[in-house]
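Asker: One file: run_18.cif (mmCIF, C-alpha atoms and all ligand atoms).
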```cif
data_start
#
loop_
_atom_site.label_atom_id
_atom_site.label_comp_id
_atom_site.auth_asym_id
_atom_site.auth_seq_id
_atom_site.Cartn_x
_atom_site.Cartn_y
_atom_site.Cartn_z
CA MET A 914 73.71 87.82 78.24
CA SER A 915 75.10 91.10 76.93
CA ASN A 916 78.01 92.78 78.67
CA HIS A 917 77.24 96.13 80.28
CA LEU A 918 80.67 96.87 81.66
CA SER A 919 80.80 100.60 82.35
CA ASP A 920 82.86 102.86 80.10
CA ARG A 921 84.73 103.87 83.22
CA ILE A 922 86.08 100.36 83.73
CA LYS A 923 86.45 99.63 80.01
CA ASN A 924 88.66 102.67 79.63
CA MET A 925 90.81 101.89 82.65
CA SER A 926 94.12 100.02 82.36
CA THR A 927 94.81 97.01 84.52
CA SER A 928 97.61 97.67 87.02
CA ALA A 929 100.72 96.54 85.11
CA THR A 930 102.63 95.70 88.29
CA LEU A 931 99.88 93.50 89.65
CA ALA A 932 99.21 91.98 86.20
CA MET A 933 102.87 90.99 85.79
CA ALA A 934 102.94 89.54 89.30
CA ALA A 935 99.81 87.50 88.48
CA LYS A 936 101.38 86.25 85.23
CA ALA A 937 104.56 85.23 87.07
CA ARG A 938 102.45 83.38 89.67
CA GLU A 939 100.52 81.59 86.89
CA LEU A 940 103.73 80.47 85.14
CA ARG A 941 105.17 79.29 88.47
CA ASN A 942 102.03 77.23 89.05
CA GLU A 943 102.66 75.61 85.65
CA GLY A 944 106.04 74.51 87.01
CA LYS A 945 108.26 77.23 85.49
CA ASP A 946 111.13 78.53 87.58
CA ILE A 947 110.23 82.24 87.42
CA ILE A 948 112.19 84.86 89.35
CA GLY A 949 109.75 87.66 90.15
CA LEU A 950 111.33 91.11 90.03
CA SER A 951 108.10 92.80 88.96
CA LEU A 952 106.43 93.64 92.22
CA GLY A 953 107.55 96.32 94.65
CA GLU A 954 107.14 94.24 97.73
CA PRO A 955 109.78 93.82 100.46
CA ASP A 956 110.80 90.18 100.82
CA PHE A 957 111.30 90.50 104.61
CA ASN A 958 108.95 89.17 107.24
CA ILE A 959 107.10 91.70 109.37
CA PRO A 960 109.10 92.37 112.55
CA ASP A 961 107.83 90.22 115.46
CA PHE A 962 106.95 93.15 117.72
CA ILE A 963 104.36 94.26 115.14
CA LYS A 964 102.90 90.77 114.77
CA ASP A 965 102.59 90.55 118.56
CA ALA A 966 100.61 93.80 118.62
CA ALA A 967 98.17 92.37 116.07
CA LYS A 968 97.72 89.17 118.09
CA GLN A 969 97.07 91.21 121.18
CA ALA A 970 94.48 93.29 119.31
CA ILE A 971 92.59 90.13 118.37
CA ASP A 972 92.66 88.93 121.98
CA GLU A 973 91.48 92.32 123.19
CA ASN A 974 88.52 92.12 120.80
CA TYR A 975 89.26 94.96 118.45
CA SER A 976 86.60 93.62 116.16
CA SER A 977 84.06 96.42 115.71
CA TYR A 978 83.90 99.14 113.09
CA THR A 979 86.58 101.72 113.77
CA PRO A 980 86.09 105.48 113.42
CA VAL A 981 85.89 106.11 109.65
CA ASP A 982 89.12 108.12 109.61
CA GLY A 983 91.02 105.73 111.91
CA TYR A 984 91.45 105.12 115.65
CA ALA A 985 92.37 108.29 117.54
CA GLU A 986 95.40 106.47 119.04
CA LEU A 987 96.62 105.61 115.55
CA LYS A 988 96.11 109.16 114.32
CA ALA A 989 98.07 110.38 117.35
CA ALA A 990 100.90 107.95 116.48
CA ILE A 991 100.83 109.25 112.87
CA SER A 992 100.86 112.85 114.07
CA ASN A 993 103.92 112.07 116.25
CA LYS A 994 105.60 110.28 113.35
CA PHE A 995 105.07 113.31 111.08
CA LYS A 996 106.64 115.50 113.75
CA ARG A 997 109.52 113.12 114.55
CA ASP A 998 110.53 112.19 110.98
CA ASN A 999 109.36 115.14 108.89
CA ASN A 1000 109.06 118.05 111.31
CA LEU A 1001 105.46 118.51 110.14
CA ASP A 1002 102.61 119.48 112.47
CA TYR A 1003 99.44 117.66 111.52
CA GLY A 1004 96.56 117.70 114.02
CA LEU A 1005 94.26 114.69 114.31
CA ASN A 1006 91.62 116.51 112.22
CA GLN A 1007 94.12 116.58 109.33
CA ILE A 1008 94.89 112.85 109.30
CA VAL A 1009 92.93 110.08 107.57
CA VAL A 1010 93.83 106.39 107.73
CA SER A 1011 92.90 104.31 104.68
CA THR A 1012 93.12 100.84 103.18
CA GLY A 1013 96.62 101.35 101.79
CA ALA A 1014 98.29 104.45 100.38
CA LYS A 1015 96.65 103.51 97.08
CA GLN A 1016 93.25 104.25 98.60
CA SER A 1017 94.61 107.44 100.17
CA LEU A 1018 95.60 108.61 96.67
CA PHE A 1019 92.24 107.62 95.22
CA ASN A 1020 90.41 109.51 97.99
CA VAL A 1021 92.41 112.68 97.35
CA ALA A 1022 91.76 112.55 93.61
CA MET A 1023 88.01 112.13 94.19
CA VAL A 1024 87.93 114.92 96.77
CA VAL A 1025 89.97 117.57 94.95
CA LEU A 1026 89.38 117.06 91.22
CA ASN A 1027 86.48 118.21 89.09
CA PRO A 1028 86.02 116.85 85.56
CA GLY A 1029 88.66 118.29 83.23
CA ASP A 1030 91.04 119.41 85.98
CA GLU A 1031 94.64 118.77 84.97
CA VAL A 1032 97.13 116.89 87.11
CA ILE A 1033 100.81 117.21 86.32
CA LEU A 1034 102.64 113.89 86.56
CA PRO A 1035 106.42 114.02 86.15
CA ALA A 1036 107.12 110.85 84.12
CA PRO A 1037 108.18 108.24 84.98
CA TYR A 1038 105.48 108.13 87.66
CA TRP A 1039 104.01 105.34 89.75
CA VAL A 1040 101.84 103.06 87.65
CA SER A 1041 98.47 103.84 89.29
CA TYR A 1042 98.60 107.66 89.30
CA SER A 1043 97.27 108.22 85.81
CA ASP A 1044 94.40 105.75 86.10
CA ILE A 1045 93.39 107.07 89.52
CA VAL A 1046 93.34 110.61 88.12
CA LYS A 1047 91.26 109.46 85.14
CA LEU A 1048 88.79 107.64 87.37
CA ALA A 1049 88.22 110.96 89.13
CA GLU A 1050 87.63 112.50 85.67
CA GLY A 1051 90.86 114.47 85.88
CA VAL A 1052 93.30 114.77 82.98
CA PRO A 1053 96.84 113.48 83.54
CA VAL A 1054 99.47 115.78 82.00
CA GLU A 1055 102.77 113.96 81.69
CA VAL A 1056 106.03 115.88 81.95
CA THR A 1057 108.77 113.75 80.46
CA THR A 1058 111.97 113.78 82.49
CA GLN A 1059 115.29 112.49 81.21
CA ILE A 1060 117.78 110.01 82.57
CA ASP A 1061 120.48 112.72 82.51
CA THR A 1062 118.53 114.86 85.01
CA ASP A 1063 118.12 111.69 87.07
CA PHE A 1064 114.46 111.55 85.97
CA LYS A 1065 113.58 114.65 88.01
CA MET A 1066 111.29 117.48 86.90
CA THR A 1067 113.01 120.86 86.73
CA PRO A 1068 111.29 124.13 87.76
CA ALA A 1069 111.31 125.22 84.10
CA GLN A 1070 109.52 122.02 83.05
CA LEU A 1071 106.93 122.52 85.77
CA GLU A 1072 106.34 126.12 84.78
CA ALA A 1073 105.89 125.13 81.12
CA ALA A 1074 103.31 122.45 81.98
CA ILE A 1075 101.03 124.71 84.05
CA THR A 1076 97.81 125.87 82.39
CA PRO A 1077 94.71 127.61 83.79
CA LYS A 1078 93.25 124.10 84.26
CA THR A 1079 96.09 122.74 86.39
CA ARG A 1080 94.76 121.70 89.79
CA MET A 1081 97.40 119.34 91.17
CA ILE A 1082 100.90 117.87 90.86
CA TRP A 1083 101.54 114.29 91.98
CA PHE A 1084 104.98 112.84 92.53
CA SER A 1085 106.84 110.35 94.68
CA SER A 1086 110.23 110.91 96.30
CA PRO A 1087 112.02 108.54 96.63
CA CYS A 1088 110.45 107.76 93.27
CA ASN A 1089 108.82 104.58 92.14
CA PRO A 1090 110.02 103.61 89.50
CA SER A 1091 113.25 105.64 89.04
CA GLY A 1092 114.57 105.62 92.63
CA SER A 1093 115.27 109.37 92.32
CA VAL A 1094 115.22 111.50 95.45
CA TYR A 1095 114.43 115.22 95.26
CA SER A 1096 116.82 117.25 97.45
CA LYS A 1097 115.60 120.12 99.63
CA GLU A 1098 117.01 122.61 97.11
CA GLU A 1099 115.25 120.91 94.19
CA LEU A 1100 111.92 120.97 96.04
CA GLU A 1101 112.47 124.64 96.90
CA GLY A 1102 112.92 125.29 93.17
CA LEU A 1103 109.54 123.68 92.42
CA ALA A 1104 107.90 125.53 95.34
CA GLU A 1105 109.20 128.82 93.94
CA VAL A 1106 107.27 128.20 90.70
CA LEU A 1107 104.14 127.26 92.64
CA LYS A 1108 104.20 130.55 94.60
CA LYS A 1109 102.84 132.18 91.45
CA HIS A 1110 100.00 129.66 91.23
CA PRO A 1111 98.23 129.55 94.59
CA ASP A 1112 95.38 127.27 93.42
CA ILE A 1113 97.58 124.29 92.59
CA TYR A 1114 97.85 121.50 95.17
CA VAL A 1115 100.61 118.95 95.58
CA VAL A 1116 100.38 115.25 96.38
CA SER A 1117 103.70 114.23 97.88
CA ASP A 1118 103.86 110.44 97.98
CA GLU A 1119 106.47 109.63 100.62
CA ILE A 1120 105.86 105.91 101.03
CA TYR A 1121 109.58 105.15 100.40
CA GLU A 1122 110.79 107.90 102.75
CA HIS A 1123 112.89 105.57 104.91
CA ILE A 1124 114.42 103.72 101.95
CA ASN A 1125 116.72 106.60 101.13
CA PHE A 1126 120.49 106.24 100.62
CA THR A 1127 121.39 109.93 100.28
CA ASP A 1128 123.44 111.87 102.81
CA GLY A 1129 120.89 114.70 102.73
CA GLY A 1130 118.07 112.36 103.81
CA HIS A 1131 114.39 112.87 103.15
CA THR A 1132 112.69 116.23 102.64
CA SER A 1133 108.91 116.67 102.76
CA ILE A 1134 107.72 119.39 100.42
CA ALA A 1135 105.00 120.33 102.96
CA GLY A 1136 107.81 121.67 105.18
CA ILE A 1137 108.98 124.16 102.54
CA ASP A 1138 107.91 127.76 102.89
CA GLY A 1139 104.41 128.35 101.52
CA MET A 1140 103.65 124.68 100.79
CA TYR A 1141 102.01 123.33 103.96
CA ASP A 1142 98.47 124.54 103.21
CA ARG A 1143 98.53 123.15 99.69
CA THR A 1144 100.21 119.78 100.15
CA VAL A 1145 98.82 116.34 100.87
CA THR A 1146 101.54 114.16 102.39
CA VAL A 1147 100.84 110.50 101.63
CA ASN A 1148 102.54 107.67 103.47
CA GLY A 1149 101.93 104.10 104.62
CA VAL A 1150 103.47 101.00 106.13
CA SER A 1151 103.69 98.72 103.08
CA LYS A 1152 107.29 99.47 102.26
CA ALA A 1153 109.22 100.43 105.40
CA PHE A 1154 107.55 97.80 107.60
CA ALA A 1155 107.05 95.12 104.91
CA MET A 1156 103.30 95.24 105.66
CA THR A 1157 101.96 95.24 102.10
CA GLY A 1158 99.07 92.85 102.74
CA TRP A 1159 97.90 94.63 105.88
CA ARG A 1160 96.66 97.51 103.73
CA ILE A 1161 97.21 100.61 105.83
CA GLY A 1162 98.07 104.01 104.36
CA TYR A 1163 97.43 107.53 105.56
CA ILE A 1164 97.53 111.23 104.71
CA GLY A 1165 98.37 114.46 106.48
CA ALA A 1166 96.48 117.24 104.68
CA PRO A 1167 94.65 120.54 104.92
CA GLU A 1168 91.57 119.90 107.06
CA TRP A 1169 89.07 120.38 104.21
CA ILE A 1170 90.77 117.62 102.20
CA ALA A 1171 90.91 115.30 105.23
CA LYS A 1172 87.19 115.90 105.88
CA GLY A 1173 86.35 115.16 102.25
CA CYS A 1174 88.34 111.91 102.34
CA THR A 1175 86.53 110.83 105.51
CA LYS A 1176 83.16 111.61 103.94
CA LEU A 1177 84.06 109.55 100.85
CA GLN A 1178 85.48 106.67 102.86
CA GLY A 1179 82.36 106.61 105.02
CA GLN A 1180 80.36 105.59 101.95
CA VAL A 1181 82.95 103.24 100.49
CA THR A 1182 84.90 101.23 103.08
CA SER A 1183 83.67 102.49 106.49
CA GLY A 1184 87.33 102.65 107.51
CA ALA A 1185 90.44 100.50 107.48
CA ASN A 1186 90.84 97.08 109.11
CA ALA A 1187 90.75 97.26 112.94
CA ILE A 1188 93.48 94.70 113.72
CA ALA A 1189 95.88 96.17 111.17
CA GLN A 1190 95.29 99.67 112.57
CA ARG A 1191 96.18 98.50 116.11
CA ALA A 1192 99.38 96.86 114.84
CA VAL A 1193 100.37 100.01 112.98
CA ILE A 1194 100.21 102.05 116.20
CA THR A 1195 103.04 99.84 117.49
CA ALA A 1196 104.93 100.00 114.19
CA LEU A 1197 104.88 103.81 114.03
CA GLU A 1198 105.78 104.28 117.69
CA ALA A 1199 108.95 102.20 117.22
CA PRO A 1200 112.19 104.03 116.48
CA VAL A 1201 113.34 103.91 112.85
CA SER A 1202 116.42 101.99 114.10
CA LYS A 1203 114.17 98.90 114.34
CA ILE A 1204 113.86 98.76 110.55
CA GLN A 1205 117.37 99.96 109.72
CA PHE A 1206 118.47 96.41 108.85
CA MET A 1207 116.03 96.34 105.91
CA ILE A 1208 117.21 99.71 104.64
CA ASP A 1209 120.85 98.58 104.84
CA LYS A 1210 120.02 95.41 102.92
CA PHE A 1211 118.26 97.39 100.17
CA HIS A 1212 121.31 99.63 99.90
CA GLU A 1213 123.65 96.63 99.48
CA ARG A 1214 121.33 95.12 96.88
CA ARG A 1215 121.10 98.41 94.99
CA ASP A 1216 124.90 98.37 94.62
CA LEU A 1217 124.94 94.71 93.64
CA VAL A 1218 122.28 95.14 90.96
CA LEU A 1219 123.83 98.31 89.54
CA GLY A 1220 127.21 96.58 89.29
CA LEU A 1221 125.83 93.48 87.57
CA LEU A 1222 123.47 95.29 85.18
CA GLY A 1223 126.24 97.75 84.35
CA GLU A 1224 128.13 94.84 82.78
CA ILE A 1225 125.35 94.24 80.25
CA GLU A 1226 125.82 96.15 77.03
CA GLY A 1227 122.71 98.16 76.10
CA PHE A 1228 121.59 98.88 79.68
CA ASN A 1229 121.73 102.59 80.42
CA LEU A 1230 121.30 103.30 84.13
CA ASN A 1231 120.86 106.22 86.51
CA VAL A 1232 121.94 105.69 90.12
CA PRO A 1233 118.74 105.31 92.16
CA GLU A 1234 119.11 106.93 95.56
CA GLY A 1235 116.09 105.41 97.22
CA ALA A 1236 113.13 102.97 96.98
CA PHE A 1237 114.04 99.50 95.67
CA TYR A 1238 113.91 99.71 91.90
CA VAL A 1239 116.26 100.24 88.99
CA PHE A 1240 114.84 101.71 85.80
CA PRO A 1241 117.27 101.00 82.96
CA ASP A 1242 116.82 102.53 79.54
CA ILE A 1243 116.95 99.55 77.17
CA SER A 1244 116.02 101.36 73.95
CA ASP A 1245 119.35 100.24 72.40
CA PHE A 1246 117.65 96.88 71.84
CA PHE A 1247 114.71 98.30 69.86
CA GLY A 1248 114.69 97.00 66.29
CA LYS A 1249 116.92 94.03 67.14
CA THR A 1250 115.93 90.37 66.84
CA LEU A 1251 116.93 88.07 69.69
CA ASN A 1252 116.32 84.32 69.50
CA GLY A 1253 113.80 84.97 66.71
CA VAL A 1254 111.91 87.64 68.67
CA THR A 1255 111.90 91.22 67.36
CA ILE A 1256 112.05 93.81 70.14
CA ASN A 1257 110.06 96.89 69.11
CA ASN A 1258 109.43 98.45 72.50
CA ALA A 1259 109.86 98.05 76.27
CA SER A 1260 106.82 95.75 76.54
CA ASP A 1261 108.35 93.36 73.99
CA PHE A 1262 111.60 93.47 75.93
CA SER A 1263 109.96 92.75 79.28
CA LEU A 1264 107.94 89.90 77.74
CA TYR A 1265 111.08 88.52 76.12
CA LEU A 1266 112.81 88.43 79.53
CA LEU A 1267 109.81 86.64 81.02
CA GLU A 1268 109.54 84.03 78.28
CA HIS A 1269 113.23 83.43 77.55
CA ALA A 1270 114.98 84.19 80.86
CA ASN A 1271 112.09 83.35 83.20
CA VAL A 1272 112.53 86.73 84.87
CA ALA A 1273 109.51 88.98 85.53
CA THR A 1274 110.03 92.76 85.19
CA VAL A 1275 107.59 95.57 84.28
CA THR A 1276 107.55 97.59 81.09
CA GLY A 1277 108.33 101.30 81.50
CA GLU A 1278 105.29 102.13 79.37
CA ALA A 1279 103.14 101.55 82.44
CA PHE A 1280 105.10 104.29 84.22
CA GLY A 1281 104.98 106.79 81.36
CA ASN A 1282 108.42 105.98 79.93
CA PRO A 1283 108.46 103.69 76.87
CA ASN A 1284 112.27 103.33 76.74
CA CYS A 1285 112.78 101.67 80.12
CA ILE A 1286 111.87 98.62 82.16
CA ARG A 1287 111.52 98.47 85.92
CA ILE A 1288 113.37 95.86 87.93
CA SER A 1289 112.55 95.53 91.62
CA TYR A 1290 115.48 94.51 93.80
CA ALA A 1291 113.25 93.62 96.74
CA ALA A 1292 114.45 90.03 96.33
CA SER A 1293 117.25 87.95 97.84
CA GLU A 1294 120.83 88.41 96.65
CA LYS A 1295 120.81 84.85 95.33
CA GLU A 1296 117.71 85.53 93.22
CA LEU A 1297 119.08 88.84 91.99
CA LYS A 1298 122.38 87.30 90.89
CA GLU A 1299 120.65 84.41 89.18
CA ALA A 1300 118.10 86.68 87.49
CA ILE A 1301 120.72 89.03 86.08
CA ALA A 1302 122.89 86.13 84.90
CA ARG A 1303 119.84 84.77 83.04
CA ILE A 1304 119.07 88.17 81.53
CA LYS A 1305 122.68 88.52 80.37
CA ALA A 1306 122.59 85.05 78.81
CA VAL A 1307 119.48 85.71 76.68
CA LEU A 1308 120.73 89.07 75.46
N1 LIG A 1401 102.70 104.89 96.13
C1 LIG A 1401 103.79 104.30 95.61
C2 LIG A 1401 104.84 105.17 94.98
C3 LIG A 1401 103.94 102.91 95.64
O1 LIG A 1401 105.01 102.34 95.12
C4 LIG A 1401 102.92 102.12 96.22
C5 LIG A 1401 103.13 100.64 96.19
N2 LIG A 1401 102.24 99.82 96.60
C6 LIG A 1401 101.80 102.79 96.75
C7 LIG A 1401 101.72 104.16 96.68
C8 LIG A 1401 100.66 102.07 97.37
O2 LIG A 1401 100.98 101.48 98.58
P1 LIG A 1401 99.96 100.69 99.47
O3 LIG A 1401 100.45 99.27 99.51
O4 LIG A 1401 100.03 101.34 100.83
O5 LIG A 1401 98.61 100.82 98.86
N1 LIG A 1402 103.73 99.56 94.62
C1 LIG A 1402 104.13 98.26 94.22
C2 LIG A 1402 104.71 98.29 92.83
O1 LIG A 1402 104.80 99.33 92.26
C3 LIG A 1402 103.07 97.24 94.44
C4 LIG A 1402 102.11 96.98 93.34
C5 LIG A 1402 100.98 97.90 93.27
O2 LIG A 1402 100.48 98.32 94.32
O3 LIG A 1402 100.60 98.21 92.15
O4 LIG A 1402 105.11 97.27 92.36
#
```
Could you render the structure as structure tokens?
Answerer:
Amino acid sequence: MSNHLSDRIKNMSTSATLAMAAKARELRNEGKDIIGLSLGEPDFNIPDFIKDAAKQAIDENYSSYTPVDGYAELKAAISNKFKRDNNLDYGLNQIVVSTGAKQSLFNVAMVVLNPGDEVILPAPYWVSYSDIVKLAEGVPVEVTTQIDTDFKMTPAQLEAAITPKTRMIWFSSPCNPSGSVYSKEELEGLAEVLKKHPDIYVVSDEIYEHINFTDGGHTSIAGIDGMYDRTVTVNGVSKAFAMTGWRIGYIGAPEWIAKGCTKLQGQVTSGANAIAQRAVITALEAPVSKIQFMIDKFHERRDLVLGLLGEIEGFNLNVPEGAFYVFPDISDFFGKTLNGVTINNASDFSLYLLEHANVATVTGEAFGNPNCIRISYAASEKELKEAIARIKAVL
């Protein structure tokens, strides 16, 4: 039987983060002692008060289709969260609940982009952005940022990347994979450039908002003068509440974008899972202090990992101020041969660590930076210490 796989799927890359996690799982099943630092997934259990809310929802028979854009009570909890944490006013008609922030991003791309529209992606960017943009027939335009500007896009770089075809800019702060956090002043600098280009929209992916170690805290670009009507604020519960498998994400957006996302979702998923939505009402109504212990742990681990990796010659590191990743530049190893393996690029390096140190990481190529690898420190201190000792030994 011939294979009629669509060009759309043929031309798409497999998610490198999920692929590496699957490879690590496969090797573990073969009996190998793999330490998985490839996936951005908190290693904490979901707090009990959230689990209890889900159990109650089952008992109360929340088993029917939900409104396509999410339960009104959940949207009210999201609206209150936006006000409480971000000082943003989003009405219920501006909020759409989806099956993970990943689907929220996909919806927005499908709703805003026409074929050939350009989307500026400051690189390194989160692994799925470029493929989601391409699926929507948009054109990703990478803006390479450097480790010495902490992997942040400057206003001048933004200005230089804008063309008459630019329709959107997508970025995450705190950033996956670099851990960089844009300050209020830095976002104001970008907003100043955008004032001259009123038809460009911004996707601000704030899924790591709470995992932020800066004194200045989190700033939402939608709160900056002139940006509210042209920003989609994306968030979710995968990271802050360790609810990755529950698959709930959401947006606050201009009403026309929210309406478009609901229309799309109505033909694709019919809405997000009912039980998970009920549990998320409880999660979002809780004070942030309930999850502070996780944030504190990530901060301690960040310091541990930076200290240990800093001892390895050839690792060049920025200081990540949020999320739970480090993104070392390892290009010093390119051209070298280690244990008979020649390292030509970051993918070779990441594969070498998997095969020789039994440590799973992700190549920076997947994030638009071929000189780096991403290491997730959402793992126990014991695993982190052991993993870095193994890495050091094979280098
Ligand atoms: N954005 C970023 C920056 C992420 O790291 C992730 C990780 N999963 C997502 C979006 C998607 O999150 P979700 O699990 O809610 O789909
Ligand atoms: N966001 C996580 C990561 O970057 C989870 C994997 C994924 O959704 O691709 O590792």
Asker: For CA of His1212 (chain A) and CA of Thr1067 (chain A), quote the distance in Å rounded to one decimal.
Answerer: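 Spanning CA of His1212 (chain A) to CA of Thr1067 (chain A) is a straight-line distance of 26.3 Å.
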Asker: Taking all atoms listed in the file into account, name the residue in A:Lys1015, A:Lys1097, A:Arg1191, A:Lys1298 that is nearest to ligand LIG 1401 (chain A).
Answerer: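 With all atoms listed in the file as the atom set, the closest residue is A:Lys1015.
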Asker: Using all atoms listed in the file, what are the residues with an atom within 9 Å of ligand LIG 1402 (chain A), set out as a list in words?
Answerer: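 My answer, listing the contacting residues, is Ser928, Ala929, Thr930, Leu931, Ala932, Ala934, Ser951, Leu952, Gly953, Glu954, Gly1013, Ala1014, Lys1015, Trp1039, Val1040, Ser1041, Asn1089, Pro1090, Ser1151, Lys1152, Thr1157, Val1275 and Ser1289 of chain A.
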Asker: Which residues come within 12 Å of Ala985 (chain A), counting only C-alpha atoms, excluding same-chain residues fewer than 6 positions away, as a ChimeraX atom specification?
Answerer: /A:979,991-992,1004-1010,1190-1191,1194
Asker: Go through A:Gly1165, A:Ala1292, A:Glu1031, A:Val1150 and flag the residue nearest Ile1113 (chain A), using all atoms listed in the file for the distances.
Answerer: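 Closest to Ile1113 (chain A) of all the choices is A:Glu1031.
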Asker: Using all atoms listed in the file for the distances, tell me which of A:Cys1088, A:Val1054, A:Val1046, A:Leu918 is nearest to ligand LIG 1401 (chain A).
Answerer: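 Ranked by minimum distance to ligand LIG 1401 (chain A), first place goes to A:Cys1088.
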Asker: Using CA of Val1307 (chain A) and atom O1 of ligand LIG 1401 (chain A) as the two end points, give the distance in Å to one decimal.
Answerer: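 Atom O1 of ligand LIG 1401 (chain A) lies at a distance of 28.7 Å from CA of Val1307 (chain A).
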Asker: Atom P1 of ligand LIG 1401 (chain A) and CA of Gln969 (chain A) are how many Å apart?
Answerer: 23.9 Å
Asker: A:Pro1077, A:Gly1223, A:Gly1235, A:Gly949: which is nearest ligand LIG 1401 (chain A), counting all atoms listed in the file?
Answerer: A:Gly1235
Asker: List as number ranges by chain the protein and nucleic acid residues near Ser1096 (chain A), meaning an atom at most 8 Å away when all atoms listed in the file are counted, but skip any in the same chain fewer than 2 places from it.
Answerer: A: 1094, 1098-1100, 1129, 1131-1132
Asker: Could you list, as a PyMOL selection string, every residue within 9 Å of Asp956 (chain A), counting all atoms listed in the file and ignoring same-chain residues fewer than 5 positions away?
Answerer: chain A and resi 1155+1291-1293
Asker: Pick from A:Ile1045, A:Ala1300, A:Val1272, A:Glu1168: nearest to Arg941 (chain A), with all atoms listed in the file counted?
Answerer: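 Closest to Arg941 (chain A) of all the choices is A:Val1272.
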Asker: Could you tell me which of A:Gly1281, A:Lys1203, A:Asp1002, A:Asn1252 comes closest to Thr1057 (chain A) if we count all atoms listed in the file?
Answerer: A:Gly1281
Asker: With a distance cut-off of 9 Å and only C-alpha atoms, select the neighbouring residues of Val1193 (chain A), excluding the residue or stretch itself and same-chain residues fewer than 6 positions from it, and output the selection as a PyMOL selection string.
Answerer: chain A and resi 963+966-967+987+990+1150+1161
Asker: Skipping near chain neighbours, those fewer than 6 positions away, what residues fall within 12 Å of Lys1047 (chain A) using all atoms listed in the file, listed as a list in words?
Answerer: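 So the residues in contact are Asp920, Arg921, Ile922, Asn924, Met925, Ser926, Phe1019, Ala1022, Met1023, Leu1026, Asn1027, Pro1028, Gly1029, Asp1030, Glu1031, Val1032, Ser1041, Pro1053 and Val1054 of chain A.
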Asker: Using only C-alpha atoms and a cutoff of 8 Å, can you tell me which residues are near (110.5, 105.6, 88.4) in the file's coordinates, and write them out as a list of chain:residue names?
Answerer: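 In the file's frame, the residues around the point are A:Ala1036, A:Pro1037, A:Tyr1038, A:Trp1039, A:Phe1064, A:Cys1088, A:Asn1089, A:Pro1090, A:Ser1091, A:Gly1092, A:Ser1093, A:Tyr1238, A:Val1239, A:Phe1240, A:Phe1280, A:Arg1287.
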Asker: Once you count only C-alpha atoms, which residues end up no further than 10 Å from (107.2, 116.3, 90.3) in the file's frame, shown as a short mmCIF file (atom, residue, chain, number, x, y, z; two decimals) with C-alpha atoms, in the coordinates of the input?
Answerer:
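Dumped everything to result_30.cif:
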```
data_model
loop_
_atom_site.label_atom_id
_atom_site.label_comp_id
_atom_site.auth_asym_id
_atom_site.auth_seq_id
_atom_site.Cartn_x
_atom_site.Cartn_y
_atom_site.Cartn_z
CA ILE A 1033 100.81 117.21 86.32
CA LEU A 1034 102.64 113.89 86.56
CA PRO A 1035 106.42 114.02 86.15
CA ALA A 1036 107.12 110.85 84.12
CA PRO A 1037 108.18 108.24 84.98
CA TYR A 1038 105.48 108.13 87.66
CA GLU A 1055 102.77 113.96 81.69
CA VAL A 1056 106.03 115.88 81.95
CA THR A 1058 111.97 113.78 82.49
CA PHE A 1064 114.46 111.55 85.97
CA LYS A 1065 113.58 114.65 88.01
CA MET A 1066 111.29 117.48 86.90
CA THR A 1067 113.01 120.86 86.73
CA PRO A 1068 111.29 124.13 87.76
CA GLN A 1070 109.52 122.02 83.05
CA LEU A 1071 106.93 122.52 85.77
CA ILE A 1082 100.90 117.87 90.86
CA TRP A 1083 101.54 114.29 91.98
CA PHE A 1084 104.98 112.84 92.53
CA SER A 1085 106.84 110.35 94.68
CA SER A 1086 110.23 110.91 96.30
CA CYS A 1088 110.45 107.76 93.27
CA TYR A 1095 114.43 115.22 95.26
CA LEU A 1100 111.92 120.97 96.04
CA LEU A 1103 109.54 123.68 92.42
CA VAL A 1115 100.61 118.95 95.58
CA VAL A 1116 100.38 115.25 96.38
CA SER A 1117 103.70 114.23 97.88
#
```
Asker: Kindly compute an axis-aligned box around the listed atoms of region 1221-1225 of chain A, allowing 6 Å on each side, and express its centre and edge lengths in Å to one decimal as lines of an AutoDock Vina configuration file.
Answerer:
```
center_x = 125.8
center_y = 95.6
center_z = 83.9
size_x = 16.7
size_y = 16.3
size_z = 19.3
```
